[in-house]
file my_file25.cif (mmCIF, C-alpha atoms)
data_query
#
loop_
_atom_site.group_PDB
_atom_site.id
_atom_site.type_symbol
_atom_site.label_atom_id
_atom_site.label_comp_id
_atom_site.auth_asym_id
_atom_site.auth_seq_id
_atom_site.Cartn_x
_atom_site.Cartn_y
_atom_site.Cartn_z
ATOM 1 C CA MET A 1 0.671 -8.256 14.032
ATOM 2 C CA THR A 2 4.411 -8.548 14.631
ATOM 3 C CA TRP A 3 7.019 -6.729 12.543
ATOM 4 C CA LEU A 4 8.130 -10.048 11.048
ATOM 5 C CA THR A 5 4.556 -10.967 10.031
ATOM 6 C CA ARG A 6 4.063 -7.558 8.396
ATOM 7 C CA PHE A 7 7.406 -7.909 6.583
ATOM 8 C CA GLY A 8 6.460 -11.389 5.315
ATOM 9 C CA ARG A 9 2.993 -10.223 4.302
ATOM 10 C CA PHE A 10 4.448 -7.262 2.362
ATOM 11 C CA TRP A 11 6.732 -9.518 0.321
ATOM 12 C CA TRP A 12 3.968 -12.101 -0.218
ATOM 13 C CA ASP A 13 1.655 -9.347 -1.559
ATOM 14 C CA PHE A 14 4.488 -7.788 -3.592
ATOM 15 C CA VAL A 15 5.627 -10.987 -5.306
ATOM 16 C CA ILE A 16 2.686 -13.415 -5.221
ATOM 17 C CA GLY A 17 -0.133 -10.855 -5.403
ATOM 18 C CA ASP A 18 -3.840 -11.674 -5.403
ATOM 19 C CA ASP A 19 -3.736 -15.233 -6.721
ATOM 20 C CA TRP A 20 -1.217 -17.786 -5.419
ATOM 21 C CA LEU A 21 -2.309 -20.266 -8.112
ATOM 22 C CA VAL A 22 -0.477 -18.183 -10.744
ATOM 23 C CA ALA A 23 2.829 -18.559 -8.882
ATOM 24 C CA VAL A 24 2.327 -22.312 -8.398
ATOM 25 C CA LEU A 25 1.497 -22.898 -12.089
ATOM 26 C CA VAL A 26 4.451 -20.753 -13.205
ATOM 27 C CA VAL A 27 6.819 -22.844 -11.054
ATOM 28 C CA ILE A 28 5.333 -26.069 -12.505
ATOM 29 C CA GLY A 29 5.662 -24.652 -16.059
ATOM 30 C CA ILE A 30 9.291 -23.667 -15.552
ATOM 31 C CA GLY A 31 10.042 -27.055 -13.980
ATOM 32 C CA ALA A 32 8.507 -28.873 -16.964
ATOM 33 C CA THR A 33 10.499 -26.638 -19.354
ATOM 34 C CA ALA A 34 13.710 -27.492 -17.495
ATOM 35 C CA ALA A 35 12.845 -31.214 -17.628
ATOM 36 C CA LEU A 36 12.296 -31.076 -21.411
ATOM 37 C CA ALA A 37 15.519 -29.112 -21.940
ATOM 38 C CA ALA A 38 17.457 -31.607 -19.804
ATOM 39 C CA ALA A 39 16.092 -34.440 -21.981
ATOM 40 C CA ASP A 40 17.356 -32.607 -25.105
ATOM 41 C CA VAL A 41 13.812 -31.977 -26.339
ATOM 42 C CA ALA A 42 12.767 -28.547 -27.710
ATOM 43 C CA ALA A 43 11.318 -26.744 -24.683
ATOM 44 C CA TRP A 44 10.649 -23.153 -25.828
ATOM 45 C CA TRP A 45 6.991 -23.748 -26.774
ATOM 46 C CA LEU A 46 5.748 -24.912 -23.371
ATOM 47 C CA LEU A 47 5.594 -21.624 -21.439
ATOM 48 C CA PRO A 48 3.951 -19.641 -24.283
ATOM 49 C CA LEU A 49 1.214 -22.307 -24.311
ATOM 50 C CA ALA A 50 0.941 -22.269 -20.523
ATOM 51 C CA VAL A 51 0.456 -18.472 -20.345
ATOM 52 C CA PRO A 52 -3.127 -18.303 -21.755
ATOM 53 C CA LEU A 53 -4.096 -21.364 -19.729
ATOM 54 C CA ILE A 54 -2.813 -19.858 -16.452
ATOM 55 C CA LEU A 55 -4.468 -16.526 -17.290
ATOM 56 C CA TRP A 56 -7.778 -18.230 -18.043
ATOM 57 C CA LEU A 57 -7.785 -20.219 -14.789
ATOM 58 C CA SER A 58 -6.835 -17.167 -12.732
ATOM 59 C CA LEU A 59 -9.437 -14.967 -14.464
ATOM 60 C CA ARG A 60 -12.179 -17.523 -13.790
ATOM 61 C CA ARG A 61 -11.215 -17.593 -10.102
ATOM 62 C CA ALA A 62 -11.264 -13.782 -9.922
ATOM 63 C CA ILE A 63 -14.658 -13.579 -11.652
ATOM 64 C CA ARG A 64 -16.133 -16.281 -9.414
ATOM 65 C CA SER A 65 -15.044 -14.357 -6.326
ATOM 66 C CA THR A 66 -16.569 -11.061 -7.542
ATOM 67 C CA THR A 67 -19.921 -12.300 -8.863
ATOM 68 C CA MET B 1 20.356 -0.984 -30.599
ATOM 69 C CA SER B 2 19.259 -4.673 -30.715
ATOM 70 C CA THR B 3 15.626 -5.875 -30.394
ATOM 71 C CA GLY B 4 16.308 -6.922 -26.811
ATOM 72 C CA ASP B 5 17.848 -3.539 -25.899
ATOM 73 C CA THR B 6 15.021 -1.527 -27.483
ATOM 74 C CA PHE B 7 12.468 -3.698 -25.757
ATOM 75 C CA LEU B 8 14.369 -3.338 -22.466
ATOM 76 C CA PHE B 9 14.390 0.488 -22.651
ATOM 77 C CA LEU B 10 10.706 0.705 -23.601
ATOM 78 C CA SER B 11 9.639 -1.776 -20.925
ATOM 79 C CA ALA B 12 11.556 0.048 -18.178
ATOM 80 C CA PHE B 13 10.188 3.401 -19.423
ATOM 81 C CA LEU B 14 6.544 2.268 -19.498
ATOM 82 C CA ALA B 15 6.577 0.216 -16.294
ATOM 83 C CA SER B 16 8.376 2.963 -14.344
ATOM 84 C CA GLY B 17 6.122 5.634 -15.871
ATOM 85 C CA VAL B 18 3.001 3.930 -14.492
ATOM 86 C CA GLU B 19 4.544 3.740 -11.005
ATOM 87 C CA PHE B 20 5.742 7.375 -11.138
ATOM 88 C CA VAL B 21 2.234 8.586 -12.103
ATOM 89 C CA GLU B 22 0.833 6.793 -9.035
ATOM 90 C CA ALA B 23 3.591 8.153 -6.760
ATOM 91 C CA LEU B 24 2.978 11.684 -8.100
ATOM 92 C CA THR B 25 -0.727 11.476 -7.162
ATOM 93 C CA ILE B 26 0.203 10.594 -3.556
ATOM 94 C CA VAL B 27 2.909 13.284 -3.256
ATOM 95 C CA LEU B 28 0.524 15.919 -4.683
ATOM 96 C CA ALA B 29 -2.284 14.913 -2.314
ATOM 97 C CA ALA B 30 0.112 15.021 0.674
ATOM 98 C CA GLY B 31 1.561 18.381 -0.454
ATOM 99 C CA LEU B 32 -1.748 20.122 -1.112
ATOM 100 C CA ALA B 33 -3.531 18.773 1.989
ATOM 101 C CA ARG B 34 -0.702 18.775 4.552
ATOM 102 C CA GLY B 35 1.904 21.229 3.206
ATOM 103 C CA TRP B 36 4.764 20.876 0.759
ATOM 104 C CA ARG B 37 7.502 20.722 3.388
ATOM 105 C CA SER B 38 6.301 17.415 4.880
ATOM 106 C CA SER B 39 5.434 15.962 1.468
ATOM 107 C CA LEU B 40 8.780 16.823 -0.137
ATOM 108 C CA THR B 41 10.700 15.643 2.954
ATOM 109 C CA GLY B 42 8.864 12.299 2.681
ATOM 110 C CA LEU B 43 9.707 12.153 -1.024
ATOM 111 C CA ALA B 44 13.401 12.875 -0.348
ATOM 112 C CA ALA B 45 13.620 10.317 2.493
ATOM 113 C CA ALA B 46 12.002 7.584 0.357
ATOM 114 C CA THR B 47 14.314 8.409 -2.567
ATOM 115 C CA LEU B 48 17.312 8.057 -0.235
ATOM 116 C CA VAL B 49 16.129 4.622 0.994
ATOM 117 C CA LEU B 50 15.526 3.499 -2.606
ATOM 118 C CA ALA B 51 19.007 4.685 -3.617
ATOM 119 C CA ILE B 52 20.563 2.663 -0.747
ATOM 120 C CA ILE B 53 18.579 -0.475 -1.752
ATOM 121 C CA THR B 54 19.623 -0.047 -5.404
ATOM 122 C CA ALA B 55 23.284 0.506 -4.487
ATOM 123 C CA ALA B 56 23.245 -2.631 -2.300
ATOM 124 C CA LEU B 57 21.351 -4.955 -4.655
ATOM 125 C CA GLY B 58 22.617 -3.794 -8.068
ATOM 126 C CA PRO B 59 26.264 -4.937 -7.783
ATOM 127 C CA ALA B 60 25.179 -8.126 -5.926
ATOM 128 C CA LEU B 61 22.923 -9.171 -8.814
ATOM 129 C CA THR B 62 25.735 -8.876 -11.352
ATOM 130 C CA LYS B 63 27.707 -11.534 -9.377
ATOM 131 C CA ILE B 64 25.011 -14.216 -9.883
ATOM 132 C CA PRO B 65 25.567 -16.577 -12.889
ATOM 133 C CA ILE B 66 23.433 -15.360 -15.805
ATOM 134 C CA ASP B 67 21.406 -18.591 -16.288
ATOM 135 C CA ALA B 68 20.444 -18.808 -12.595
ATOM 136 C CA LEU B 69 19.615 -15.091 -12.616
ATOM 137 C CA ARG B 70 17.437 -15.416 -15.725
ATOM 138 C CA LEU B 71 15.618 -18.409 -14.243
ATOM 139 C CA VAL B 72 14.744 -16.609 -10.994
ATOM 140 C CA VAL B 73 14.125 -13.210 -12.620
ATOM 141 C CA GLY B 74 12.134 -14.802 -15.448
ATOM 142 C CA GLY B 75 9.928 -16.666 -12.983
ATOM 143 C CA LEU B 76 9.351 -13.554 -10.867
ATOM 144 C CA LEU B 77 8.579 -11.398 -13.907
ATOM 145 C CA LEU B 78 6.204 -14.034 -15.246
ATOM 146 C CA VAL B 79 4.278 -14.115 -11.945
ATOM 147 C CA PHE B 80 4.324 -10.294 -11.799
ATOM 148 C CA GLY B 81 3.330 -9.921 -15.444
ATOM 149 C CA LEU B 82 0.449 -12.401 -15.245
ATOM 150 C CA GLN B 83 -0.936 -10.571 -12.188
ATOM 151 C CA TRP B 84 -0.785 -7.244 -14.081
ATOM 152 C CA LEU B 85 -2.364 -8.817 -17.166
ATOM 153 C CA ARG B 86 -5.118 -10.445 -15.121
ATOM 154 C CA LYS B 87 -6.090 -7.073 -13.591
ATOM 155 C CA ALA B 88 -5.841 -5.337 -16.978
ATOM 156 C CA ILE B 89 -8.072 -7.953 -18.653
ATOM 157 C CA LEU B 90 -10.615 -7.745 -15.799
ATOM 158 C CA ARG B 91 -10.672 -3.920 -16.211
ATOM 159 C CA ALA B 92 -10.902 -4.029 -20.004
ATOM 160 C CA SER B 93 -13.752 -6.559 -19.915
ATOM 161 C CA GLY B 94 -15.780 -4.632 -17.320
ATOM 162 C CA TYR B 95 -15.343 -6.990 -14.348
ATOM 163 C CA LYS B 96 -13.188 -4.500 -12.422
ATOM 164 C CA ALA B 97 -13.438 -0.699 -12.163
ATOM 165 C CA LEU B 98 -10.972 1.256 -14.301
ATOM 166 C CA HIS B 99 -8.022 2.826 -12.467
ATOM 167 C CA ASP B 100 -9.027 6.462 -11.952
ATOM 168 C CA GLU B 101 -6.202 8.793 -10.835
ATOM 169 C CA ASP B 102 -8.675 11.658 -10.157
ATOM 170 C CA ALA B 103 -10.793 9.492 -7.824
ATOM 171 C CA ILE B 104 -7.687 8.194 -6.001
ATOM 172 C CA PHE B 105 -6.426 11.783 -5.630
ATOM 173 C CA ALA B 106 -9.796 12.935 -4.204
ATOM 174 C CA GLN B 107 -9.803 10.031 -1.708
ATOM 175 C CA GLU B 108 -6.192 10.709 -0.621
ATOM 176 C CA MET B 109 -6.994 14.435 -0.228
ATOM 177 C CA ALA B 110 -10.086 13.687 1.877
ATOM 178 C CA ASP B 111 -8.152 11.268 4.134
ATOM 179 C CA ALA B 112 -5.190 13.652 4.449
ATOM 180 C CA SER B 113 -7.367 16.720 5.178
ATOM 181 C CA GLY B 114 -9.233 14.931 7.948
ATOM 182 C CA ALA B 115 -6.183 13.499 9.729
ATOM 183 C CA GLU B 116 -4.957 14.990 13.019
ATOM 184 C CA HIS B 117 -1.970 17.382 12.894
ATOM 185 C CA VAL B 118 1.028 15.906 14.722
ATOM 186 C CA GLU B 119 4.397 17.599 14.272
ATOM 187 C CA ARG B 120 7.623 15.594 14.601
ATOM 188 C CA ALA B 121 11.127 16.883 13.784
ATOM 189 C CA GLY B 122 9.570 20.046 12.362
ATOM 190 C CA VAL B 123 7.362 18.341 9.767
ATOM 191 C CA ASP B 124 3.709 17.324 9.690
ATOM 192 C CA TRP B 125 3.961 13.580 10.426
ATOM 193 C CA TYR B 126 0.899 12.471 8.414
ATOM 194 C CA GLY B 127 2.048 14.320 5.268
ATOM 195 C CA PHE B 128 5.577 12.945 5.671
ATOM 196 C CA THR B 129 4.540 9.304 6.142
ATOM 197 C CA LEU B 130 1.925 9.485 3.358
ATOM 198 C CA ALA B 131 4.499 10.735 0.839
ATOM 199 C CA PHE B 132 7.262 8.471 2.201
ATOM 200 C CA LYS B 133 5.210 5.256 2.072
ATOM 201 C CA GLY B 134 3.695 6.089 -1.314
ATOM 202 C CA VAL B 135 7.017 6.858 -2.973
ATOM 203 C CA LEU B 136 8.786 3.938 -1.278
ATOM 204 C CA LEU B 137 6.188 1.350 -2.337
ATOM 205 C CA GLU B 138 5.855 2.602 -5.921
ATOM 206 C CA GLY B 139 9.631 3.154 -6.086
ATOM 207 C CA LEU B 140 10.359 -0.398 -4.912
ATOM 208 C CA GLU B 141 8.519 -1.672 -7.969
ATOM 209 C CA VAL B 142 10.629 0.595 -10.186
ATOM 210 C CA VAL B 143 13.830 -0.645 -8.499
ATOM 211 C CA PHE B 144 12.677 -4.245 -8.918
ATOM 212 C CA ILE B 145 11.878 -3.717 -12.600
ATOM 213 C CA VAL B 146 15.103 -1.851 -13.409
ATOM 214 C CA LEU B 147 17.366 -4.308 -11.577
ATOM 215 C CA THR B 148 15.678 -7.479 -12.844
ATOM 216 C CA PHE B 149 15.209 -6.329 -16.446
ATOM 217 C CA GLY B 150 18.673 -4.761 -16.551
ATOM 218 C CA SER B 151 20.599 -7.622 -14.967
ATOM 219 C CA ALA B 152 18.891 -10.372 -16.967
ATOM 220 C CA GLN B 153 19.430 -8.498 -20.248
ATOM 221 C CA GLY B 154 22.982 -7.545 -19.173
ATOM 222 C CA SER B 155 22.453 -3.768 -19.081
ATOM 223 C CA ILE B 156 21.280 -2.190 -15.835
ATOM 224 C CA PRO B 157 22.306 1.318 -17.095
ATOM 225 C CA LEU B 158 19.972 1.011 -20.121
ATOM 226 C CA ALA B 159 17.034 -0.049 -17.928
ATOM 227 C CA ALA B 160 17.889 2.788 -15.514
ATOM 228 C CA ALA B 161 17.933 5.219 -18.468
ATOM 229 C CA GLY B 162 14.402 4.100 -19.408
ATOM 230 C CA ALA B 163 13.208 4.665 -15.840
ATOM 231 C CA ALA B 164 15.025 8.030 -15.621
ATOM 232 C CA ALA B 165 13.375 9.209 -18.855
ATOM 233 C CA ALA B 166 9.962 8.289 -17.418
ATOM 234 C CA LEU B 167 10.792 10.076 -14.140
ATOM 235 C CA LEU B 168 11.818 13.267 -15.968
ATOM 236 C CA LEU B 169 8.667 13.216 -18.076
ATOM 237 C CA VAL B 170 6.232 12.527 -15.199
ATOM 238 C CA ALA B 171 7.956 14.923 -12.750
ATOM 239 C CA GLY B 172 8.188 17.647 -15.422
ATOM 240 C CA VAL B 173 4.514 17.409 -16.342
ATOM 241 C CA GLY B 174 3.546 17.043 -12.654
ATOM 242 C CA VAL B 175 5.401 20.245 -11.664
ATOM 243 C CA ALA B 176 3.868 22.073 -14.656
ATOM 244 C CA VAL B 177 0.234 21.104 -14.016
ATOM 245 C CA ARG B 178 0.288 20.468 -10.216
ATOM 246 C CA ALA B 179 -2.585 18.022 -10.615
ATOM 247 C CA PRO B 180 -2.841 14.244 -10.924
ATOM 248 C CA LEU B 181 -2.073 13.073 -14.432
ATOM 249 C CA ALA B 182 -5.584 11.826 -15.102
ATOM 250 C CA ARG B 183 -5.215 12.171 -18.868
ATOM 251 C CA VAL B 184 -2.379 9.666 -18.999
ATOM 252 C CA PRO B 185 -3.870 6.505 -20.550
ATOM 253 C CA GLU B 186 -2.928 4.596 -17.397
ATOM 254 C CA ASN B 187 -5.172 1.583 -18.002
ATOM 255 C CA ALA B 188 -3.732 1.080 -21.494
ATOM 256 C CA MET B 189 -0.204 1.563 -20.113
ATOM 257 C CA LYS B 190 -0.819 -1.033 -17.406
ATOM 258 C CA PHE B 191 -2.019 -3.470 -20.073
ATOM 259 C CA ALA B 192 1.142 -2.812 -22.099
ATOM 260 C CA VAL B 193 3.338 -3.269 -19.024
ATOM 261 C CA GLY B 194 1.593 -6.550 -18.204
ATOM 262 C CA LEU B 195 2.295 -7.751 -21.748
ATOM 263 C CA MET B 196 5.957 -6.737 -21.549
ATOM 264 C CA LEU B 197 6.567 -8.231 -18.102
ATOM 265 C CA THR B 198 4.950 -11.504 -19.184
ATOM 266 C CA THR B 199 6.922 -11.543 -22.444
ATOM 267 C CA PHE B 200 10.268 -10.974 -20.706
ATOM 268 C CA GLY B 201 9.242 -13.497 -18.034
ATOM 269 C CA VAL B 202 8.531 -16.215 -20.616
ATOM 270 C CA PHE B 203 11.682 -15.417 -22.613
ATOM 271 C CA TRP B 204 14.114 -15.486 -19.693
ATOM 272 C CA SER B 205 12.450 -18.389 -17.878
ATOM 273 C CA VAL B 206 12.942 -20.601 -20.939
ATOM 274 C CA GLU B 207 16.575 -19.498 -21.329
ATOM 275 C CA GLY B 208 17.242 -19.897 -17.595
ATOM 276 C CA ALA B 209 15.666 -23.385 -17.624
ATOM 277 C CA GLY B 210 18.126 -24.475 -20.310
ATOM 278 C CA GLY B 211 15.927 -24.048 -23.388
ATOM 279 C CA SER B 212 16.840 -21.984 -26.427
ATOM 280 C CA TRP B 213 14.672 -19.806 -28.663
ATOM 281 C CA PRO B 214 14.398 -20.153 -32.422
ATOM 282 C CA GLY B 215 15.647 -16.796 -33.758
ATOM 283 C CA SER B 216 17.409 -15.889 -30.467
ATOM 284 C CA ASP B 217 16.505 -12.324 -29.230
ATOM 285 C CA ALA B 218 14.079 -11.776 -32.131
ATOM 286 C CA ALA B 219 11.802 -14.397 -30.529
ATOM 287 C CA ILE B 220 10.860 -11.700 -27.966
ATOM 288 C CA LEU B 221 8.676 -10.081 -30.650
ATOM 289 C CA GLY B 222 6.987 -13.412 -31.390
ATOM 290 C CA VAL B 223 6.269 -14.004 -27.692
ATOM 291 C CA LEU B 224 4.928 -10.443 -27.355
ATOM 292 C CA GLY B 225 2.617 -10.953 -30.351
ATOM 293 C CA TRP B 226 1.370 -14.281 -29.000
ATOM 294 C CA VAL B 227 0.716 -12.995 -25.449
ATOM 295 C CA GLY B 228 -0.945 -9.876 -26.915
ATOM 296 C CA LEU B 229 -3.214 -11.947 -29.173
ATOM 297 C CA MET B 230 -4.241 -14.309 -26.363
ATOM 298 C CA SER B 231 -4.946 -11.367 -24.018
ATOM 299 C CA PHE B 232 -7.014 -9.635 -26.706
ATOM 300 C CA LEU B 233 -9.065 -12.797 -27.247
ATOM 301 C CA LEU B 234 -9.607 -13.197 -23.493
ATOM 302 C CA VAL B 235 -10.817 -9.577 -23.244
ATOM 303 C CA ARG B 236 -13.263 -10.159 -26.137
ATOM 304 C CA LEU B 237 -14.546 -13.374 -24.606
ATOM 305 C CA LEU B 238 -15.004 -11.969 -21.094
ATOM 306 C CA ARG B 239 -16.504 -8.691 -22.359
ATOM 307 C CA HIS B 240 -19.127 -10.694 -24.275
ATOM 308 C CA GLU B 241 -19.802 -12.823 -21.199
ATOM 309 C CA ARG B 242 -20.106 -9.718 -18.977
ATOM 310 C CA ARG B 243 -22.563 -8.011 -21.342
ATOM 311 C CA THR B 244 -24.704 -11.155 -21.503
ATOM 312 C CA GLN B 245 -24.735 -11.315 -17.693
ATOM 313 C CA LEU B 246 -25.775 -7.650 -17.404
ATOM 314 C CA ARG B 247 -28.504 -8.042 -20.040
ATOM 315 C CA THR B 248 -29.882 -11.109 -18.254
ATOM 316 C CA ALA B 249 -29.834 -9.277 -14.923
ATOM 317 C CA GLU B 250 -31.650 -6.290 -16.498
ATOM 318 C CA ALA B 251 -34.280 -8.552 -18.070
ATOM 319 C CA GLN B 252 -34.923 -10.240 -14.722
ATOM 320 C CA ALA B 253 -35.215 -6.913 -12.822
#
call {"tool": "encode", "arguments": {"input": "my_file25.cif", "output": "structure tokens"}}
result
Amino acid sequence: MTWLTRFGRFWWDFVIGDDWLVAVLVVIGIGATAALAAADVAAWWLLPLAVPLILWLSLRRAIRSTT
Amino acid sequence: MSTGDTFLFLSAFLASGVEFVEALTIVLAAGLARGWRSSLTGLAAATLVLAIITAALGPALTKIPIDALRLVVGGLLLVFGLQWLRKAILRASGYKALHDEDAIFAQEMADASGAEHVERAGVDWYGFTLAFKGVLLEGLEVVFIVLTFGSAQGSIPLAAAGAAAALLLVAGVGVAVRAPLARVPENAMKFAVGLMLTTFGVFWSVEGAGGSWPGSDAAILGVLGWVGLMSFLLVRLLRHERRTQLRTAEAQA
């Protein structure tokens, strides 16, 4: 493994962690929040609703991989 | 002190405290198994590297416009926080083994005692690298937390004060007992840190994305309560599911 690969892997593990789906859904959630805010619609409620949904999906994936 | 500032100090204190407890376990294992000189040299070298990273990144972060900073920091904290929460919920519901500082210490001691003795620059190389890598990796998380929390809330010194208070407490107790801090309720602390990281992540992501919160800073408490309630319900649900699975498996055996 080259130094660059190890460096990239370290930062991937540090920031993204065990489940990449969490990062993808967070980016989608923030994007949707920005879109609502840009359209002058109240946007604060979207991410709090997304949090339990993301957690649930990620937990199910983790449980499926361990059992 | 405002709600945001109090929350900032507590979050930095708790999150850093968890990392310092883990770093202490590694430094103790390296010191007891390979000698204190190599372990403390590794600790000092890692601290120096962390200080350089902080000095380089801290001032740079303050130059970034606050909304862009909150958007990026909020997103990162949200990803970080959800990963912490996921692990904490899996532990609390029985799907993942609890974090056990005593067991980790015993494993580190066994690995360190069995490793070959190689001396470089007057220190035992294994002890040095074990302490250096452990402190650097745990310390990087502390640096990340202090800089992101502090810059997004507009007070790096307050976040640093929270981390410094945790360092003094953990180092003081560690020097006094010279054993891993197994009695620290680390699993509960990790759950709390996951809640706080997720809360700050949600709060700043919304602000950075152009949204605004009803009640301004006070909304942090509402978000914390909501994330806490949802996490509690998920733990209850998964714990019930886990027990049913185990009972079924027992009945079939």
call {"tool": "interface_residues", "arguments": {"input": "my_file25.cif", "of": "chain B", "to": "chain A", "cutoff": "9 Å", "atoms": "all atoms listed in the file", "output": "ChimeraX atom specification"}}
result
/B:71,75-76,78-80,82-83,85-87,89-90,95-96,141,198-199,202-203,205-214,223,226-227,230-231,234
call {"tool": "closest_residue", "arguments": {"input": "my_file25.cif", "among": "B:Leu77, B:Arg243, B:Val143, B:Trp204", "to": "Ser216 in chain B", "atoms": "all atoms listed in the file"}}
result
B:Trp204
call {"tool": "closest_residue", "arguments": {"input": "my_file25.cif", "among": "B:Ile220, B:Ala249, B:Leu24, B:Ala45", "to": "Gln153 in chain B", "atoms": "all atoms listed in the file"}}
result
B:Ile220
call {"tool": "residues_around", "arguments": {"input": "my_file25.cif", "residues": "Ser38 in chain B", "least_positions_apart": "5", "cutoff": "12 Å", "atoms": "all atoms listed in the file", "output": "short mmCIF file (atom, residue, chain, number, x, y, z; two decimals) with C-alpha atoms, in the coordinates of the input"}}
result
data_model
loop_
_atom_site.label_atom_id
_atom_site.label_comp_id
_atom_site.auth_asym_id
_atom_site.auth_seq_id
_atom_site.Cartn_x
_atom_site.Cartn_y
_atom_site.Cartn_z
CA VAL B 27 2.91 13.28 -3.26
CA LEU B 28 0.52 15.92 -4.68
CA ALA B 29 -2.28 14.91 -2.31
CA ALA B 30 0.11 15.02 0.67
CA GLY B 31 1.56 18.38 -0.45
CA LEU B 32 -1.75 20.12 -1.11
CA ALA B 33 -3.53 18.77 1.99
CA LEU B 43 9.71 12.15 -1.02
CA ALA B 44 13.40 12.88 -0.35
CA ALA B 45 13.62 10.32 2.49
CA HIS B 117 -1.97 17.38 12.89
CA VAL B 118 1.03 15.91 14.72
CA GLU B 119 4.40 17.60 14.27
CA ARG B 120 7.62 15.59 14.60
CA ALA B 121 11.13 16.88 13.78
CA GLY B 122 9.57 20.05 12.36
CA VAL B 123 7.36 18.34 9.77
CA ASP B 124 3.71 17.32 9.69
CA TRP B 125 3.96 13.58 10.43
CA TYR B 126 0.90 12.47 8.41
CA GLY B 127 2.05 14.32 5.27
CA PHE B 128 5.58 12.94 5.67
CA THR B 129 4.54 9.30 6.14
CA LEU B 130 1.92 9.48 3.36
CA ALA B 131 4.50 10.74 0.84
CA PHE B 132 7.26 8.47 2.20
#
call {"tool": "resolve_selection", "arguments": {"input": "my_file25.cif", "expression": "the PyMOL selection byres ((chain B and resi 136) around 9)", "output": "list in words"}}
result
Ala23, Leu43, Ala45, Ala46, Thr47, Val49, Leu50, Ala131, Phe132, Lys133, Gly134, Val135, Leu137, Glu138, Gly139, Leu140 and Glu141 of chain B
call {"tool": "resolve_selection", "arguments": {"input": "my_file25.cif", "expression": "the PyMOL selection byres ((chain B and resi 10-15) around 6)", "output": "ChimeraX atom specification"}}
result
/B:7-9,16-18,159,162-163,166,193
call {"tool": "write_last_selection", "arguments": {"input": "my_file25.cif", "atoms": "C-alpha atoms", "output": "compact mmCIF listing (two decimals), keeping the file's coordinate frame"}}
result
# COMPACT_ATOMS: atom_id res chain seq x y z
CA PHE B 7 12.47 -3.70 -25.76
CA LEU B 8 14.37 -3.34 -22.47
CA PHE B 9 14.39 0.49 -22.65
CA SER B 16 8.38 2.96 -14.34
CA GLY B 17 6.12 5.63 -15.87
CA VAL B 18 3.00 3.93 -14.49
CA ALA B 159 17.03 -0.05 -17.93
CA GLY B 162 14.40 4.10 -19.41
CA ALA B 163 13.21 4.66 -15.84
CA ALA B 166 9.96 8.29 -17.42
CA VAL B 193 3.34 -3.27 -19.02
call {"tool": "closest_residue", "arguments": {"input": "my_file25.cif", "among": "B:Asp5, B:Glu186, B:Asp217, B:Glu241", "to": "Glu101 in chain B", "atoms": "all atoms listed in the file"}}
result
B:Glu186
call {"tool": "atom_distance", "arguments": {"input": "my_file25.cif", "atom1": "CA of Thr25 in chain B", "atom2": "CA of Gly58 in chain B"}}
result
27.9 Å
call {"tool": "atom_distance", "arguments": {"input": "my_file25.cif", "atom1": "CA of Gly225 in chain B", "atom2": "CA of Leu237 in chain B"}}
result
18.3 Å
call {"tool": "atom_distance", "arguments": {"input": "my_file25.cif", "atom1": "CA of Arg70 in chain B", "atom2": "CA of Met196 in chain B"}}
result
15.5 Å
call {"tool": "closest_residue", "arguments": {"input": "my_file25.cif", "among": "B:Thr148, B:Ser93, B:Asn187, B:Thr248", "to": "Thr62 in chain B", "atoms": "all atoms listed in the file"}}
result
B:Thr148
call {"tool": "residues_around", "arguments": {"input": "my_file25.cif", "residues": "Pro185 in chain B", "least_positions_apart": "3", "cutoff": "12 Å", "atoms": "only C-alpha atoms", "output": "ChimeraX atom specification"}}
result
/B:14,17-18,21,98-101,181-182,188-192
call {"tool": "build_atoms", "arguments": {"input": "my_file25.cif", "residues": "range 27-35 of chain B", "atoms": "N, CA and C atoms", "output": "PDB file, in the coordinates of the input"}}
result
ATOM      1  N   VAL B  27       2.098  12.145  -3.697  1.00  0.00           N
ATOM      2  CA  VAL B  27       2.909  13.284  -3.256  1.00  0.00           C
ATOM      3  C   VAL B  27       2.101  14.585  -3.392  1.00  0.00           C
ATOM      4  N   LEU B  28       1.353  14.725  -4.485  1.00  0.00           N
ATOM      5  CA  LEU B  28       0.524  15.919  -4.683  1.00  0.00           C
ATOM      6  C   LEU B  28      -0.554  16.024  -3.607  1.00  0.00           C
ATOM      7  N   ALA B  29      -1.228  14.901  -3.332  1.00  0.00           N
ATOM      8  CA  ALA B  29      -2.284  14.913  -2.314  1.00  0.00           C
ATOM      9  C   ALA B  29      -1.698  15.291  -0.956  1.00  0.00           C
ATOM     10  N   ALA B  30      -0.532  14.702  -0.613  1.00  0.00           N
ATOM     11  CA  ALA B  30       0.112  15.021   0.674  1.00  0.00           C
ATOM     12  C   ALA B  30       0.533  16.486   0.709  1.00  0.00           C
ATOM     13  N   GLY B  31       1.077  16.988  -0.395  1.00  0.00           N
ATOM     14  CA  GLY B  31       1.561  18.381  -0.454  1.00  0.00           C
ATOM     15  C   GLY B  31       0.423  19.375  -0.346  1.00  0.00           C
ATOM     16  N   LEU B  32      -0.642  19.159  -1.097  1.00  0.00           N
ATOM     17  CA  LEU B  32      -1.748  20.122  -1.112  1.00  0.00           C
ATOM     18  C   LEU B  32      -2.554  20.089   0.181  1.00  0.00           C
ATOM     19  N   ALA B  33      -2.702  18.888   0.778  1.00  0.00           N
ATOM     20  CA  ALA B  33      -3.531  18.773   1.989  1.00  0.00           C
ATOM     21  C   ALA B  33      -2.744  19.052   3.260  1.00  0.00           C
ATOM     22  N   ARG B  34      -1.451  18.691   3.293  1.00  0.00           N
ATOM     23  CA  ARG B  34      -0.702  18.775   4.552  1.00  0.00           C
ATOM     24  C   ARG B  34       0.499  19.717   4.488  1.00  0.00           C
ATOM     25  N   GLY B  35       0.764  20.305   3.349  1.00  0.00           N
ATOM     26  CA  GLY B  35       1.904  21.229   3.206  1.00  0.00           C
ATOM     27  C   GLY B  35       3.047  20.583   2.447  1.00  0.00           C
TER      28      GLY B  35
END
